[in-house]
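What's in my_file-v1.cif: mmCIF, C-alpha atoms
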data_target
loop_
_atom_site.group_PDB
_atom_site.id
_atom_site.type_symbol
_atom_site.label_atom_id
_atom_site.label_comp_id
_atom_site.auth_asym_id
_atom_site.auth_seq_id
_atom_site.Cartn_x
_atom_site.Cartn_y
_atom_site.Cartn_z
ATOM 1 C CA MET A 14 -0.969 -6.520 20.401
ATOM 2 C CA GLN A 15 -3.622 -8.964 19.160
ATOM 3 C CA LYS A 16 -6.208 -6.192 19.271
ATOM 4 C CA PHE A 17 -4.193 -4.133 16.795
ATOM 5 C CA LEU A 18 -3.338 -7.002 14.425
ATOM 6 C CA PRO A 19 -6.527 -6.718 12.281
ATOM 7 C CA ILE A 20 -6.037 -2.968 11.963
ATOM 8 C CA ILE A 21 -2.396 -3.404 10.975
ATOM 9 C CA VAL A 22 -3.312 -6.067 8.406
ATOM 10 C CA ILE A 23 -6.022 -3.849 6.911
ATOM 11 C CA LEU A 24 -3.661 -0.879 6.699
ATOM 12 C CA ILE A 25 -0.891 -2.932 5.085
ATOM 13 C CA ALA A 26 -3.337 -4.464 2.588
ATOM 14 C CA GLY A 27 -4.785 -1.044 1.803
ATOM 15 C CA VAL A 28 -1.386 0.524 1.228
ATOM 16 C CA ALA A 29 -0.184 -2.432 -0.860
ATOM 17 C CA GLY A 30 -3.396 -2.508 -2.886
ATOM 18 C CA GLY A 31 -3.359 1.239 -3.381
ATOM 19 C CA GLY A 32 0.285 1.276 -4.422
ATOM 20 C CA GLY A 33 -0.168 -1.670 -6.754
ATOM 21 C CA GLY A 34 -3.300 -0.150 -8.250
ATOM 22 C CA TYR A 35 -1.563 3.184 -8.770
ATOM 23 C CA PHE A 36 1.368 1.625 -10.602
ATOM 24 C CA PHE A 37 -0.947 -0.645 -12.609
ATOM 25 C CA LYS A 38 -3.087 2.324 -13.634
ATOM 26 C CA LEU A 39 0.022 4.322 -14.511
ATOM 27 C CA GLN A 40 1.431 1.483 -16.606
ATOM 28 C CA ALA A 41 -1.940 0.796 -18.260
ATOM 29 C CA SER A 42 -2.309 4.432 -19.283
ATOM 30 C CA GLN A 43 1.151 4.388 -20.868
ATOM 31 C CA GLY A 44 0.415 1.108 -22.651
ATOM 32 C CA GLY A 45 -2.871 2.511 -23.982
ATOM 33 C CA GLU A 46 -1.015 5.048 -26.110
ATOM 34 C CA GLU A 47 1.067 2.305 -27.730
ATOM 35 C CA HIS A 48 -2.075 0.281 -28.374
ATOM 36 C CA ALA A 49 -3.752 3.285 -30.004
ATOM 37 C CA ASP A 50 -0.829 3.627 -32.405
ATOM 38 C CA ALA A 51 -1.146 -0.038 -33.344
ATOM 39 C CA GLY A 52 -4.807 0.527 -34.228
ATOM 40 C CA GLU A 53 -3.806 2.767 -37.140
ATOM 41 C CA HIS A 54 -2.268 -0.231 -38.891
ATOM 42 C CA ALA A 55 -5.197 -2.581 -38.254
ATOM 43 C CA GLU A 56 -6.466 -2.119 -41.810
ATOM 44 C CA GLU A 57 -3.316 -3.770 -43.104
ATOM 45 C CA GLY A 58 -3.250 -6.761 -40.749
ATOM 46 C CA HIS A 59 -5.564 -9.216 -39.087
ATOM 47 C CA GLY A 60 -9.125 -9.175 -40.330
ATOM 48 C CA ALA A 61 -8.412 -7.033 -43.391
ATOM 49 C CA GLU A 62 -9.335 -8.045 -46.917
ATOM 50 C CA SER A 63 -6.404 -9.786 -48.524
ATOM 51 C CA ASP A 64 -5.299 -9.470 -52.138
ATOM 52 C CA ASP A 65 -2.297 -11.775 -52.021
ATOM 53 C CA SER A 66 -2.408 -15.138 -53.712
ATOM 54 C CA HIS A 67 -0.978 -16.970 -50.741
ATOM 55 C CA GLY A 68 -2.258 -20.516 -50.897
ATOM 56 C CA ASP A 69 -4.065 -19.782 -54.177
ATOM 57 C CA LYS A 70 -6.653 -22.504 -54.539
ATOM 58 C CA LYS A 71 -8.669 -20.894 -57.332
ATOM 59 C CA ASP A 72 -10.662 -18.810 -54.849
ATOM 60 C CA LYS A 73 -12.475 -21.754 -53.247
ATOM 61 C CA LYS A 74 -12.689 -19.659 -50.121
ATOM 62 C CA LYS A 75 -14.381 -16.295 -50.264
ATOM 63 C CA LYS A 76 -12.311 -13.446 -48.997
ATOM 64 C CA LYS A 77 -13.598 -12.141 -45.712
ATOM 65 C CA LYS A 78 -13.531 -8.689 -44.353
ATOM 66 C CA GLY A 79 -13.093 -8.633 -40.602
ATOM 67 C CA GLY A 80 -12.217 -11.527 -38.354
ATOM 68 C CA HIS A 81 -13.027 -12.840 -34.945
ATOM 69 C CA GLY A 82 -12.741 -9.283 -33.636
ATOM 70 C CA GLU A 83 -15.012 -7.767 -36.258
ATOM 71 C CA ALA A 84 -17.231 -5.931 -33.761
ATOM 72 C CA ASP A 85 -15.982 -2.497 -32.816
ATOM 73 C CA ALA A 86 -13.953 -3.246 -29.704
ATOM 74 C CA SER A 87 -13.489 0.450 -28.969
ATOM 75 C CA SER A 88 -17.193 0.959 -28.186
ATOM 76 C CA THR A 89 -16.523 0.313 -24.496
ATOM 77 C CA VAL A 90 -13.808 1.197 -22.019
ATOM 78 C CA TYR A 91 -13.104 -0.132 -18.552
ATOM 79 C CA MET A 92 -13.043 2.082 -15.486
ATOM 80 C CA LYS A 93 -10.372 0.670 -13.219
ATOM 81 C CA PHE A 94 -10.497 1.948 -9.671
ATOM 82 C CA GLY A 95 -7.229 3.297 -8.325
ATOM 83 C CA ARG A 96 -7.389 1.024 -5.283
ATOM 84 C CA GLN A 97 -8.963 -2.275 -4.377
ATOM 85 C CA PHE A 98 -11.993 -2.445 -2.116
ATOM 86 C CA VAL A 99 -11.144 -3.664 1.392
ATOM 87 C CA VAL A 100 -14.289 -4.823 3.183
ATOM 88 C CA PRO A 101 -14.296 -6.021 6.798
ATOM 89 C CA VAL A 102 -16.654 -8.908 7.552
ATOM 90 C CA VAL A 103 -18.015 -8.385 11.063
ATOM 91 C CA GLU A 104 -19.951 -10.990 13.019
ATOM 92 C CA ASN A 105 -21.500 -10.199 16.441
ATOM 93 C CA GLY A 106 -19.621 -6.922 16.602
ATOM 94 C CA LYS A 107 -16.214 -8.545 16.095
ATOM 95 C CA PRO A 108 -14.191 -8.660 12.894
ATOM 96 C CA LYS A 109 -14.295 -12.190 11.479
ATOM 97 C CA SER A 110 -12.433 -11.731 8.218
ATOM 98 C CA MET A 111 -11.500 -9.223 5.557
ATOM 99 C CA MET A 112 -12.339 -9.332 1.853
ATOM 100 C CA ILE A 113 -10.327 -7.565 -0.811
ATOM 101 C CA MET A 114 -12.001 -7.034 -4.171
ATOM 102 C CA ASP A 115 -10.749 -5.598 -7.451
ATOM 103 C CA ILE A 116 -13.772 -4.188 -9.289
ATOM 104 C CA ASN A 117 -13.901 -2.642 -12.776
ATOM 105 C CA ILE A 118 -16.874 -1.078 -14.536
ATOM 106 C CA GLU A 119 -17.406 -1.362 -18.283
ATOM 107 C CA VAL A 120 -18.704 1.934 -19.679
ATOM 108 C CA ASN A 121 -19.526 3.416 -23.077
ATOM 109 C CA SER A 122 -16.528 4.847 -24.866
ATOM 110 C CA GLU A 123 -18.348 8.203 -25.188
ATOM 111 C CA GLN A 124 -17.844 8.668 -21.462
ATOM 112 C CA GLY A 125 -14.181 7.659 -21.726
ATOM 113 C CA GLU A 126 -12.030 9.352 -19.131
ATOM 114 C CA THR A 127 -14.888 11.477 -17.753
ATOM 115 C CA VAL A 128 -16.068 8.560 -15.584
ATOM 116 C CA TYR A 129 -12.957 8.916 -13.432
ATOM 117 C CA ALA A 130 -14.368 12.195 -12.121
ATOM 118 C CA TYR A 131 -17.067 10.091 -10.421
ATOM 119 C CA GLU A 132 -14.619 7.666 -8.799
ATOM 120 C CA PRO A 133 -14.843 9.075 -5.235
ATOM 121 C CA ARG A 134 -18.663 8.945 -5.264
ATOM 122 C CA LEU A 135 -18.654 5.483 -6.831
ATOM 123 C CA ARG A 136 -16.119 4.144 -4.315
ATOM 124 C CA ASP A 137 -18.163 5.529 -1.434
ATOM 125 C CA ALA A 138 -21.466 4.074 -2.638
ATOM 126 C CA ILE A 139 -20.011 0.697 -3.654
ATOM 127 C CA LEU A 140 -18.016 0.311 -0.430
ATOM 128 C CA ALA A 141 -21.059 1.212 1.691
ATOM 129 C CA HIS A 142 -23.094 -1.404 -0.180
ATOM 130 C CA LEU A 143 -20.373 -4.042 0.188
ATOM 131 C CA ILE A 144 -20.157 -3.399 3.932
ATOM 132 C CA VAL A 145 -23.928 -3.883 4.228
ATOM 133 C CA LYS A 146 -23.694 -7.133 2.238
ATOM 134 C CA ALA A 147 -20.814 -8.277 4.455
ATOM 135 C CA GLY A 148 -22.874 -7.508 7.576
ATOM 136 C CA GLU A 149 -25.730 -9.603 6.203
ATOM 137 C CA GLY A 150 -23.308 -12.478 5.622
ATOM 138 C CA ASP A 151 -23.835 -12.437 1.846
ATOM 139 C CA LEU A 152 -20.416 -11.216 0.766
ATOM 140 C CA PRO A 153 -18.406 -14.310 1.801
ATOM 141 C CA LEU A 154 -21.013 -16.482 0.053
ATOM 142 C CA MET A 155 -19.838 -15.052 -3.276
ATOM 143 C CA LEU A 156 -16.852 -17.373 -3.071
ATOM 144 C CA GLU A 157 -19.138 -20.416 -3.113
ATOM 145 C CA ASP A 158 -22.302 -19.320 -4.906
ATOM 146 C CA SER A 159 -22.180 -17.843 -8.402
ATOM 147 C CA ALA A 160 -25.797 -16.665 -8.075
ATOM 148 C CA MET A 161 -24.756 -14.521 -5.110
ATOM 149 C CA MET A 162 -21.846 -13.149 -7.167
ATOM 150 C CA ASP A 163 -24.268 -12.238 -9.983
ATOM 151 C CA GLU A 164 -26.617 -10.595 -7.489
ATOM 152 C CA VAL A 165 -23.850 -8.448 -5.973
ATOM 153 C CA LYS A 166 -22.593 -7.480 -9.452
ATOM 154 C CA ALA A 167 -26.132 -6.482 -10.504
ATOM 155 C CA GLU A 168 -26.529 -4.354 -7.376
ATOM 156 C CA ILE A 169 -23.175 -2.636 -7.993
ATOM 157 C CA LEU A 170 -24.241 -1.987 -11.596
ATOM 158 C CA THR A 171 -27.456 -0.365 -10.362
ATOM 159 C CA ILE A 172 -25.448 1.844 -8.003
ATOM 160 C CA SER A 173 -23.075 2.749 -10.844
ATOM 161 C CA LYS A 174 -25.944 3.662 -13.157
ATOM 162 C CA THR A 175 -27.440 5.994 -10.556
ATOM 163 C CA ILE A 176 -24.124 7.849 -10.284
ATOM 164 C CA ILE A 177 -22.675 7.861 -13.817
ATOM 165 C CA GLY A 178 -25.834 7.181 -15.831
ATOM 166 C CA ASP A 179 -26.770 4.564 -18.383
ATOM 167 C CA GLY A 180 -23.217 4.517 -19.711
ATOM 168 C CA ALA A 181 -22.390 1.880 -17.090
ATOM 169 C CA LEU A 182 -22.777 -1.424 -18.904
ATOM 170 C CA GLN A 183 -21.307 -4.178 -16.762
ATOM 171 C CA VAL A 184 -19.466 -4.820 -13.495
ATOM 172 C CA LEU A 185 -16.369 -6.987 -13.633
ATOM 173 C CA ILE A 186 -14.922 -8.470 -10.465
ATOM 174 C CA GLN A 187 -11.315 -9.133 -11.384
ATOM 175 C CA ASP A 188 -10.061 -10.549 -8.104
ATOM 176 C CA ILE A 189 -11.379 -11.538 -4.688
ATOM 177 C CA GLY A 190 -9.308 -12.345 -1.643
ATOM 178 C CA MET A 191 -10.432 -13.307 1.844
ATOM 179 C CA GLN A 192 -8.353 -13.298 5.001
ATOM 180 C CA ASN A 193 -9.780 -14.900 8.136
ATOM 181 C CA TYR A 194 -8.689 -13.551 11.507
#

Any chance you could give the structure as structure tokens?
Amino acid sequence: MQKFLPIIVILIAGVAGGGGGYFFKLQASQGGEEHADAGEHAEEGHGAESDDSHGDKKDKKKKKKGGHGEADASSTVYMKFGRQFVVPVVENGKPKSMMIMDINIEVNSEQGETVYAYEPRLRDAILAHLIVKAGEGDLPLMLEDSAMMDEVKAEILTISKTIIGDGALQVLIQDIGMQNY
């Protein structure tokens, strides 16, 4: 039974992560439509030029156009993978632990939803790279060393750029979990 425990844990984590990711992606896509509708009224609200005389202090303050979100926030979108990455950490041919990572890729908005067509190729390349890093012992070091985290993110970005092009801007690691056996 102990021989099958790591396999059972990996399968349960994969199913739970996949199910959670699916429902999160489904809910995020529904929420995106509501957010798009709210953007139509942005000219009237926060960051817009104001004509009211609220707090009229003889125009000591100049009226500003735009606010702390003045840059065009819609110039990038985030590719959220449907499932988390489950990476076994093997030492001397035996599984030592398992890492679960939630990775997103920031891409140009011009690519929008088209990047999801590359998801299977991206998952394959990123997972293969993460398994190599885990075999070298570098992946668990990400929990302790921010330089190692930056290195892994840069390598994933390079992989992403080779698959989806220069539209890949940044790699975001949203969550990391590690389970020792």

Matched chain/residue IDs from the PyMOL selection byres ((chain A and resi 171) around 12), as a PyMOL selection string: chain A and resi 118+135+138-139+142+164-170+172-184

Evaluate the PyMOL selection byres ((chain A and resi 114) around 7) and report residues as a list in words: Gln97, Phe98, Val99, Met112, Ile113, Asp115, Ile116, Asp188, Ile189 and Gly190 of chain A

Residues picked by the PyMOL selection byres ((chain A and resi 192) around 8) here, as a PDB file with C-alpha atoms, in the coordinates of the input?
ATOM      1  CA  SER A 110     -12.433 -11.731   8.218  1.00  0.00           C
ATOM      2  CA  MET A 111     -11.500  -9.223   5.557  1.00  0.00           C
ATOM      3  CA  MET A 112     -12.339  -9.332   1.853  1.00  0.00           C
ATOM      4  CA  GLY A 190      -9.308 -12.345  -1.643  1.00  0.00           C
ATOM      5  CA  MET A 191     -10.432 -13.307   1.844  1.00  0.00           C
ATOM      6  CA  ASN A 193      -9.780 -14.900   8.136  1.00  0.00           C
ATOM      7  CA  TYR A 194      -8.689 -13.551  11.507  1.00  0.00           C
TER       8      TYR A 194
END

Ref. answer, residues at most 10 Å from (-20.4, -4.8, 2.1) with only C-alpha atoms, as a list in words: Phe98, Val99, Val100, Pro101, Val102, Val103, Met112, Ile139, Leu140, Ala141, His142, Leu143, Ile144, Val145, Lys146, Ala147, Gly148, Glu149, Gly150, Asp151, Leu152, Pro153 and Val165 of chain A

Nearest candidate to Phe17 of chain A (options A:Met161, A:Asn117, A:Leu156, A:Pro108; using all atoms listed in the file): A:Pro108

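Of the listed residues (A:Ser88, A:Lys109, A:Lys93, A:Ile186), A:Lys109 comes nearest to Pro19 of chain A; the distances count all atoms listed in the file.
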
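When atom CA of Ala160 of chain A is paired with atom CA of Glu104 of chain A, their separation reads 22.6 Å.
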
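Take atom CA of Lys107 of chain A and atom CA of Gln15 of chain A: the distance between them is 13.0 Å.
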
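Separating atom CA of Tyr35 of chain A from atom CA of Gly95 of chain A is a distance of 5.7 Å.
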
Close residues, Met92 of chain A itself excluded, 9 Å, all atoms listed in the file, min 3 positions apart in chain, as a count of residues only: 10

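Using all atoms listed in the file, the nearest neighbour of Glu123 of chain A within the list A:Leu154, A:Leu24, A:Tyr91, A:Gly106 is A:Tyr91.
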